[in-house]
Amino acid sequence: MTVVVGGQTIADSDNALVLREAAYPAAIYIPRQDARMDLLERSDHGTYCPYKGDASYFSIPAGGARSIDAVWTYEAPYEDVRAIKNHLAFYPDRVDSIA
């Protein structure tokens with residue numbers, strides 16, 4: 001999986017996880033070590049999921065306003081989804097491509 005924003009490769013991984021839940025589209029989680037964390041900016045935004053726990057967010061400055069809060073992560077996920085710890089997920093409509 002490769003994530004590109006503003007002509008820059010933000011993440012490139014052969015170790016992505018696919019998480020499917022309910023009727024939602026599958027979410028792809030990329031290990032942090034396969035992402036350019038220096039190109040991300042931590043956000044103050046946060047959400048809660050009853051299945052996964054508290055989510056933290058990152059913006060991608062290279063993408064401008066469209067890429068605000070474009071990335072979410074569960075830094076302390078619930079035990080049932082512990083595999084997504086230290087992984088990042090990207091909103092497809094807030095990046096140029098995920099392939």
# chains A, B, ... in the order shown; residues from 1 in each chain; ligands from 1

$ residues_around --residues "Asp54 (chain A)" --least-positions-apart "3" --cutoff "12 Å" --atoms "only C-alpha atoms" --output "list in words"
His45, Gly46, Thr47, Tyr48, Cys49, Pro50, Tyr51, Tyr57, Trp72, Thr73, Tyr74, Glu75, Ala76, Pro77, Tyr78 and Lys85 of chain A

$ residues_around --residues "Val4 (chain A)" --least-positions-apart "4" --cutoff "8 Å" --atoms "only C-alpha atoms" --output "list in words"
Gln8, Thr9, Ile10, Ala11, Val95, Asp96, Ser97 and Ile98 of chain A

$ write_last_selection --atoms "all heavy atoms" --output "mmCIF file, in the first residue's frame"
data_model
loop_
_atom_site.group_PDB
_atom_site.id
_atom_site.type_symbol
_atom_site.label_atom_id
_atom_site.label_comp_id
_atom_site.auth_asym_id
_atom_site.auth_seq_id
_atom_site.Cartn_x
_atom_site.Cartn_y
_atom_site.Cartn_z
ATOM 1 N N GLN A 8 4.058 13.655 -2.716
ATOM 2 C CA GLN A 8 4.974 13.029 -1.764
ATOM 3 C C GLN A 8 4.408 11.689 -1.294
ATOM 4 O O GLN A 8 3.212 11.570 -1.010
ATOM 5 C CB GLN A 8 5.181 13.922 -0.541
ATOM 6 C CG GLN A 8 5.830 15.240 -0.852
ATOM 7 C CD GLN A 8 6.037 16.074 0.411
ATOM 8 O OE1 GLN A 8 5.794 15.621 1.526
ATOM 9 N NE2 GLN A 8 6.487 17.294 0.243
ATOM 10 N N THR A 9 5.276 10.697 -1.207
ATOM 11 C CA THR A 9 4.865 9.412 -0.651
ATOM 12 C C THR A 9 4.846 9.556 0.862
ATOM 13 O O THR A 9 5.875 9.782 1.494
ATOM 14 C CB THR A 9 5.825 8.284 -1.085
ATOM 15 O OG1 THR A 9 5.774 8.184 -2.510
ATOM 16 C CG2 THR A 9 5.427 6.956 -0.465
ATOM 17 N N ILE A 10 3.659 9.431 1.436
ATOM 18 C CA ILE A 10 3.468 9.577 2.875
ATOM 19 C C ILE A 10 3.680 8.237 3.573
ATOM 20 O O ILE A 10 4.207 8.184 4.686
ATOM 21 C CB ILE A 10 2.055 10.119 3.180
ATOM 22 C CG1 ILE A 10 1.797 11.441 2.436
ATOM 23 C CG2 ILE A 10 1.830 10.262 4.675
ATOM 24 C CD1 ILE A 10 2.745 12.569 2.792
ATOM 25 N N ALA A 11 3.272 7.157 2.929
ATOM 26 C CA ALA A 11 3.439 5.819 3.489
ATOM 27 C C ALA A 11 3.607 4.823 2.355
ATOM 28 O O ALA A 11 3.029 4.991 1.282
ATOM 29 C CB ALA A 11 2.244 5.448 4.352
ATOM 30 N N VAL A 95 -6.537 12.247 0.679
ATOM 31 C CA VAL A 95 -5.209 12.024 0.100
ATOM 32 C C VAL A 95 -5.363 11.942 -1.412
ATOM 33 O O VAL A 95 -6.464 11.813 -1.928
ATOM 34 C CB VAL A 95 -4.544 10.746 0.668
ATOM 35 C CG1 VAL A 95 -4.371 10.854 2.181
ATOM 36 C CG2 VAL A 95 -5.322 9.508 0.308
ATOM 37 N N ASP A 96 -4.239 12.015 -2.132
ATOM 38 C CA ASP A 96 -4.322 11.928 -3.592
ATOM 39 C C ASP A 96 -4.556 10.505 -4.065
ATOM 40 O O ASP A 96 -5.315 10.269 -4.997
ATOM 41 C CB ASP A 96 -3.036 12.477 -4.222
ATOM 42 C CG ASP A 96 -2.857 13.960 -3.961
ATOM 43 O OD1 ASP A 96 -3.870 14.655 -3.685
ATOM 44 O OD2 ASP A 96 -1.715 14.438 -3.999
ATOM 45 N N SER A 97 -3.892 9.553 -3.406
ATOM 46 C CA SER A 97 -4.096 8.152 -3.800
ATOM 47 C C SER A 97 -3.682 7.202 -2.698
ATOM 48 O O SER A 97 -2.789 7.504 -1.895
ATOM 49 C CB SER A 97 -3.328 7.820 -5.084
ATOM 50 O OG SER A 97 -1.932 7.872 -4.863
ATOM 51 N N ILE A 98 -4.368 6.081 -2.670
ATOM 52 C CA ILE A 98 -4.003 4.928 -1.850
ATOM 53 C C ILE A 98 -4.065 3.734 -2.792
ATOM 54 O O ILE A 98 -5.127 3.415 -3.313
ATOM 55 C CB ILE A 98 -4.975 4.709 -0.669
ATOM 56 C CG1 ILE A 98 -5.023 5.925 0.252
ATOM 57 C CG2 ILE A 98 -4.559 3.454 0.109
ATOM 58 C CD1 ILE A 98 -6.042 5.803 1.379
#

$ closest_atom_pairs --of "region 26-89 of chain A" --to "region 13-18 of chain A" --cutoff "7 Å" --atoms "only C-alpha atoms" --output "Markdown table"
| residue | atom | partner | partner_atom | distance |
| --- | --- | --- | --- | --- |
| A:Ala26 | CA | A:Val18 | CA | 6.3 |
| A:Ala27 | CA | A:Val18 | CA | 5.7 |
| A:Ile28 | CA | A:Val18 | CA | 4.6 |
| A:Tyr29 | CA | A:Leu17 | CA | 5.0 |
| A:Ile30 | CA | A:Ala16 | CA | 4.6 |
| A:Pro31 | CA | A:Ala16 | CA | 6.6 |
| A:Asp34 | CA | A:Ser13 | CA | 5.5 |

$ write_last_selection --atoms "all heavy atoms" --output "compact mmCIF listing (two decimals), in the first residue's frame"
# COMPACT_ATOMS: atom_id res chain seq x y z
N ALA A 26 -13.93 -1.31 4.10
CA ALA A 26 -12.73 -1.80 4.78
C ALA A 26 -11.77 -0.64 5.01
O ALA A 26 -11.62 0.25 4.16
CB ALA A 26 -12.06 -2.87 3.93
N ALA A 27 -11.13 -0.65 6.17
CA ALA A 27 -10.12 0.36 6.50
C ALA A 27 -8.75 -0.31 6.43
O ALA A 27 -8.56 -1.42 6.93
CB ALA A 27 -10.35 0.93 7.89
N ILE A 28 -7.81 0.37 5.81
CA ILE A 28 -6.45 -0.14 5.66
C ILE A 28 -5.57 0.55 6.69
O ILE A 28 -5.52 1.79 6.74
CB ILE A 28 -5.94 0.09 4.24
CG1 ILE A 28 -6.83 -0.66 3.25
CG2 ILE A 28 -4.48 -0.33 4.11
CD1 ILE A 28 -6.65 -0.26 1.82
N TYR A 29 -4.90 -0.23 7.50
CA TYR A 29 -4.02 0.28 8.55
C TYR A 29 -2.58 -0.04 8.19
O TYR A 29 -2.22 -1.20 7.97
CB TYR A 29 -4.37 -0.34 9.90
CG TYR A 29 -5.64 0.20 10.50
CD1 TYR A 29 -6.89 -0.29 10.12
CD2 TYR A 29 -5.61 1.22 11.44
CE1 TYR A 29 -8.06 0.21 10.66
CE2 TYR A 29 -6.78 1.73 11.99
CZ TYR A 29 -7.99 1.21 11.60
OH TYR A 29 -9.15 1.72 12.15
N ILE A 30 -1.76 1.01 8.14
CA ILE A 30 -0.35 0.88 7.75
C ILE A 30 0.51 1.07 8.99
O ILE A 30 0.30 2.02 9.76
CB ILE A 30 -0.01 1.94 6.68
CG1 ILE A 30 -0.81 1.63 5.40
CG2 ILE A 30 1.49 1.97 6.39
CD1 ILE A 30 -0.66 2.66 4.30
N PRO A 31 1.50 0.19 9.20
CA PRO A 31 2.38 0.36 10.36
C PRO A 31 3.07 1.73 10.34
O PRO A 31 3.49 2.21 9.28
CB PRO A 31 3.42 -0.75 10.19
CG PRO A 31 2.78 -1.76 9.30
CD PRO A 31 1.87 -0.97 8.39
N ASP A 34 6.30 2.35 8.55
CA ASP A 34 6.26 2.42 7.09
C ASP A 34 5.72 3.76 6.60
O ASP A 34 5.46 3.93 5.41
CB ASP A 34 5.41 1.29 6.52
CG ASP A 34 6.02 -0.08 6.79
OD1 ASP A 34 7.24 -0.15 7.07
OD2 ASP A 34 5.28 -1.08 6.71

$ closest_residue --among "A:His87, A:Arg82, A:Arg66, A:Arg36" --to "Lys52 (chain A)" --atoms "only C-alpha atoms"
A:Arg82

$ atom_distance --atom1 "CA of Leu19 (chain A)" --atom2 "CA of Gly53 (chain A)"
14.4 Å

$ closest_residue --among "A:Leu40, A:Gln33, A:Ala22, A:Ala89" --to "Ala55 (chain A)" --atoms "only C-alpha atoms"
A:Ala89

$ select_by_dssp --residues "chain A" --states "strand (DSSP E)" --output "PyMOL selection string"
chain A and resi 2-5+8-12+17-19+27-31+41-49+53-59+71-73+87-90+97-98

$ atom_distance --atom1 "CA of Asp93 (chain A)" --atom2 "CA of Ser56 (chain A)"
18.3 Å

$ closest_residue --among "A:Ile68, A:Pro92, A:Pro61, A:Asp80" --to "Gly6 (chain A)" --atoms "only C-alpha atoms"
A:Pro61

$ closest_residue --among "A:Ala23, A:Met1, A:Val81, A:Leu88" --to "Phe58 (chain A)" --atoms "only C-alpha atoms"
A:Leu88

$ select_by_dssp --residues "chain A" --states "helix (DSSP H, G or I)" --output "mmCIF file with all heavy atoms, in the first residue's frame"
data_model
loop_
_atom_site.group_PDB
_atom_site.id
_atom_site.type_symbol
_atom_site.label_atom_id
_atom_site.label_comp_id
_atom_site.auth_asym_id
_atom_site.auth_seq_id
_atom_site.Cartn_x
_atom_site.Cartn_y
_atom_site.Cartn_z
ATOM 1 N N ARG A 32 3.172 2.342 11.504
ATOM 2 C CA ARG A 32 3.819 3.659 11.592
ATOM 3 C C ARG A 32 5.238 3.640 11.045
ATOM 4 O O ARG A 32 5.690 4.630 10.469
ATOM 5 C CB ARG A 32 3.835 4.151 13.037
ATOM 6 C CG ARG A 32 2.507 4.660 13.500
ATOM 7 C CD ARG A 32 2.659 5.315 14.850
ATOM 8 N NE ARG A 32 1.352 5.709 15.349
ATOM 9 C CZ ARG A 32 1.168 6.666 16.222
ATOM 10 N NH1 ARG A 32 2.187 7.324 16.726
ATOM 11 N NH2 ARG A 32 -0.044 6.964 16.630
ATOM 12 N N GLN A 33 5.950 2.535 11.236
ATOM 13 C CA GLN A 33 7.339 2.513 10.759
ATOM 14 C C GLN A 33 7.421 2.564 9.237
ATOM 15 O O GLN A 33 8.482 2.825 8.693
ATOM 16 C CB GLN A 33 8.115 1.305 11.314
ATOM 17 C CG GLN A 33 7.670 -0.038 10.793
ATOM 18 C CD GLN A 33 6.721 -0.737 11.743
ATOM 19 O OE1 GLN A 33 6.076 -0.125 12.584
ATOM 20 N NE2 GLN A 33 6.614 -2.047 11.605
ATOM 21 N N ASP A 34 6.296 2.346 8.546
ATOM 22 C CA ASP A 34 6.262 2.422 7.086
ATOM 23 C C ASP A 34 5.721 3.763 6.597
ATOM 24 O O ASP A 34 5.455 3.926 5.406
ATOM 25 C CB ASP A 34 5.406 1.287 6.524
ATOM 26 C CG ASP A 34 6.024 -0.084 6.786
ATOM 27 O OD1 ASP A 34 7.235 -0.148 7.066
ATOM 28 O OD2 ASP A 34 5.281 -1.079 6.710
ATOM 29 N N MET A 37 6.426 9.855 9.251
ATOM 30 C CA MET A 37 5.828 10.582 10.364
ATOM 31 C C MET A 37 6.262 12.047 10.371
ATOM 32 O O MET A 37 5.539 12.897 10.870
ATOM 33 C CB MET A 37 6.168 9.901 11.688
ATOM 34 C CG MET A 37 5.590 8.497 11.846
ATOM 35 S SD MET A 37 3.784 8.407 11.725
ATOM 36 C CE MET A 37 3.298 9.288 13.214
ATOM 37 N N ASP A 38 7.416 12.341 9.773
ATOM 38 C CA ASP A 38 7.890 13.726 9.701
ATOM 39 C C ASP A 38 7.031 14.577 8.758
ATOM 40 O O ASP A 38 7.105 15.808 8.803
ATOM 41 C CB ASP A 38 9.363 13.785 9.275
ATOM 42 C CG ASP A 38 9.611 13.168 7.908
ATOM 43 O OD1 ASP A 38 9.104 12.052 7.641
ATOM 44 O OD2 ASP A 38 10.322 13.793 7.100
ATOM 45 N N LEU A 39 6.204 13.936 7.934
ATOM 46 C CA LEU A 39 5.315 14.663 7.024
ATOM 47 C C LEU A 39 3.909 14.805 7.582
ATOM 48 O O LEU A 39 3.029 15.355 6.919
ATOM 49 C CB LEU A 39 5.268 13.962 5.660
ATOM 50 C CG LEU A 39 6.605 13.861 4.913
ATOM 51 C CD1 LEU A 39 6.419 13.104 3.604
ATOM 52 C CD2 LEU A 39 7.195 15.243 4.669
ATOM 53 N N PRO A 61 0.174 18.334 6.118
ATOM 54 C CA PRO A 61 0.316 19.704 5.611
ATOM 55 C C PRO A 61 0.470 19.787 4.090
ATOM 56 O O PRO A 61 -0.041 20.726 3.471
ATOM 57 C CB PRO A 61 1.564 20.219 6.334
ATOM 58 C CG PRO A 61 1.570 19.462 7.625
ATOM 59 C CD PRO A 61 1.078 18.087 7.248
ATOM 60 N N ALA A 62 1.118 18.821 3.462
ATOM 61 C CA ALA A 62 1.314 18.852 2.010
ATOM 62 C C ALA A 62 -0.008 18.841 1.249
ATOM 63 O O ALA A 62 -0.064 19.276 0.099
ATOM 64 C CB ALA A 62 2.170 17.669 1.562
ATOM 65 N N GLY A 63 -1.078 18.382 1.873
ATOM 66 C CA GLY A 63 -2.381 18.309 1.218
ATOM 67 C C GLY A 63 -3.269 19.515 1.455
ATOM 68 O O GLY A 63 -4.385 19.577 0.946
ATOM 69 N N GLY A 64 -2.794 20.484 2.251
ATOM 70 C CA GLY A 64 -3.582 21.682 2.520
ATOM 71 C C GLY A 64 -4.825 21.372 3.333
ATOM 72 O O GLY A 64 -4.884 20.381 4.069
ATOM 73 N N ALA A 65 -5.846 22.209 3.169
ATOM 74 C CA ALA A 65 -7.074 22.098 3.960
ATOM 75 C C ALA A 65 -7.773 20.753 3.766
ATOM 76 O O ALA A 65 -8.398 20.231 4.683
ATOM 77 C CB ALA A 65 -8.031 23.233 3.614
ATOM 78 N N ARG A 66 -7.664 20.183 2.592
ATOM 79 C CA ARG A 66 -8.316 18.896 2.306
ATOM 80 C C ARG A 66 -7.763 17.775 3.182
ATOM 81 O O ARG A 66 -8.454 16.797 3.484
ATOM 82 C CB ARG A 66 -8.105 18.529 0.839
ATOM 83 C CG ARG A 66 -8.655 17.185 0.451
ATOM 84 C CD ARG A 66 -8.455 16.926 -1.023
ATOM 85 N NE ARG A 66 -7.052 16.793 -1.331
ATOM 86 C CZ ARG A 66 -6.499 15.684 -1.822
ATOM 87 N NH1 ARG A 66 -7.240 14.645 -2.092
ATOM 88 N NH2 ARG A 66 -5.223 15.630 -2.079
ATOM 89 N N SER A 67 -6.506 17.902 3.624
ATOM 90 C CA SER A 67 -5.850 16.825 4.359
ATOM 91 C C SER A 67 -5.777 17.059 5.870
ATOM 92 O O SER A 67 -4.994 16.422 6.567
ATOM 93 C CB SER A 67 -4.444 16.589 3.791
ATOM 94 O OG SER A 67 -4.543 16.104 2.463
ATOM 95 N N GLU A 79 -8.458 -4.649 23.355
ATOM 96 C CA GLU A 79 -7.754 -5.925 23.195
ATOM 97 C C GLU A 79 -8.172 -6.679 21.924
ATOM 98 O O GLU A 79 -7.325 -7.260 21.240
ATOM 99 C CB GLU A 79 -7.986 -6.789 24.432
ATOM 100 C CG GLU A 79 -7.163 -8.047 24.471
ATOM 101 C CD GLU A 79 -5.662 -7.806 24.572
ATOM 102 O OE1 GLU A 79 -5.235 -6.737 25.044
ATOM 103 O OE2 GLU A 79 -4.918 -8.708 24.143
ATOM 104 N N ASP A 80 -9.439 -6.665 21.582
ATOM 105 C CA ASP A 80 -9.914 -7.410 20.413
ATOM 106 C C ASP A 80 -9.318 -6.917 19.093
ATOM 107 O O ASP A 80 -9.321 -7.654 18.107
ATOM 108 C CB ASP A 80 -11.438 -7.370 20.317
ATOM 109 C CG ASP A 80 -12.110 -8.232 21.367
ATOM 110 O OD1 ASP A 80 -11.414 -9.054 22.018
ATOM 111 O OD2 ASP A 80 -13.326 -8.085 21.556
ATOM 112 N N VAL A 81 -8.852 -5.676 19.067
ATOM 113 C CA VAL A 81 -8.268 -5.110 17.843
ATOM 114 C C VAL A 81 -6.839 -4.631 18.091
ATOM 115 O O VAL A 81 -6.352 -3.723 17.425
ATOM 116 C CB VAL A 81 -9.143 -3.969 17.257
ATOM 117 C CG1 VAL A 81 -10.447 -4.507 16.721
ATOM 118 C CG2 VAL A 81 -9.373 -2.878 18.291
ATOM 119 N N ARG A 82 -6.159 -5.263 19.008
ATOM 120 C CA ARG A 82 -4.806 -4.836 19.384
ATOM 121 C C ARG A 82 -3.837 -4.827 18.199
ATOM 122 O O ARG A 82 -2.831 -4.125 18.221
ATOM 123 C CB ARG A 82 -4.264 -5.688 20.507
ATOM 124 C CG ARG A 82 -3.998 -7.121 20.137
ATOM 125 C CD ARG A 82 -3.521 -7.941 21.343
ATOM 126 N NE ARG A 82 -3.456 -9.348 21.049
ATOM 127 C CZ ARG A 82 -4.488 -10.183 21.122
ATOM 128 N NH1 ARG A 82 -5.665 -9.736 21.492
ATOM 129 N NH2 ARG A 82 -4.339 -11.454 20.831
ATOM 130 N N ALA A 83 -4.139 -5.559 17.146
ATOM 131 C CA ALA A 83 -3.258 -5.611 15.973
ATOM 132 C C ALA A 83 -3.115 -4.255 15.287
ATOM 133 O O ALA A 83 -2.119 -4.010 14.601
ATOM 134 C CB ALA A 83 -3.760 -6.644 14.972
ATOM 135 N N ILE A 84 -4.074 -3.335 15.479
ATOM 136 C CA ILE A 84 -3.982 -2.029 14.811
ATOM 137 C C ILE A 84 -3.177 -1.002 15.614
ATOM 138 O O ILE A 84 -2.977 0.122 15.151
ATOM 139 C CB ILE A 84 -5.365 -1.459 14.439
ATOM 140 C CG1 ILE A 84 -6.198 -1.172 15.686
ATOM 141 C CG2 ILE A 84 -6.081 -2.382 13.463
ATOM 142 C CD1 ILE A 84 -7.496 -0.426 15.404
ATOM 143 N N PRO A 92 -9.542 8.058 2.298
ATOM 144 C CA PRO A 92 -9.242 8.086 0.867
ATOM 145 C C PRO A 92 -9.534 9.426 0.185
ATOM 146 O O PRO A 92 -8.831 9.803 -0.748
ATOM 147 C CB PRO A 92 -10.130 6.980 0.286
ATOM 148 C CG PRO A 92 -10.418 6.089 1.425
ATOM 149 C CD PRO A 92 -10.440 6.960 2.652
ATOM 150 N N ASP A 93 -10.541 10.151 0.660
ATOM 151 C CA ASP A 93 -10.894 11.418 0.025
ATOM 152 C C ASP A 93 -10.040 12.588 0.509
ATOM 153 O O ASP A 93 -10.189 13.707 0.028
ATOM 154 C CB ASP A 93 -12.378 11.725 0.216
ATOM 155 C CG ASP A 93 -12.767 11.867 1.685
ATOM 156 O OD1 ASP A 93 -12.059 11.330 2.569
ATOM 157 O OD2 ASP A 93 -13.791 12.511 1.947
ATOM 158 N N ARG A 94 -9.108 12.338 1.417
ATOM 159 C CA ARG A 94 -8.242 13.406 1.944
ATOM 160 C C ARG A 94 -6.796 13.236 1.520
ATOM 161 O O ARG A 94 -5.915 13.962 1.978
ATOM 162 C CB ARG A 94 -8.356 13.467 3.462
ATOM 163 C CG ARG A 94 -9.773 13.822 3.907
ATOM 164 C CD ARG A 94 -9.873 13.992 5.390
ATOM 165 N NE ARG A 94 -11.278 14.077 5.780
ATOM 166 C CZ ARG A 94 -11.691 14.293 7.004
ATOM 167 N NH1 ARG A 94 -10.815 14.452 7.983
ATOM 168 N NH2 ARG A 94 -12.973 14.343 7.268
#

$ closest_residue --among "A:Asp12, A:Phe90, A:Ala35, A:Glu21" --to "Ser59 (chain A)" --atoms "only C-alpha atoms"
A:Phe90
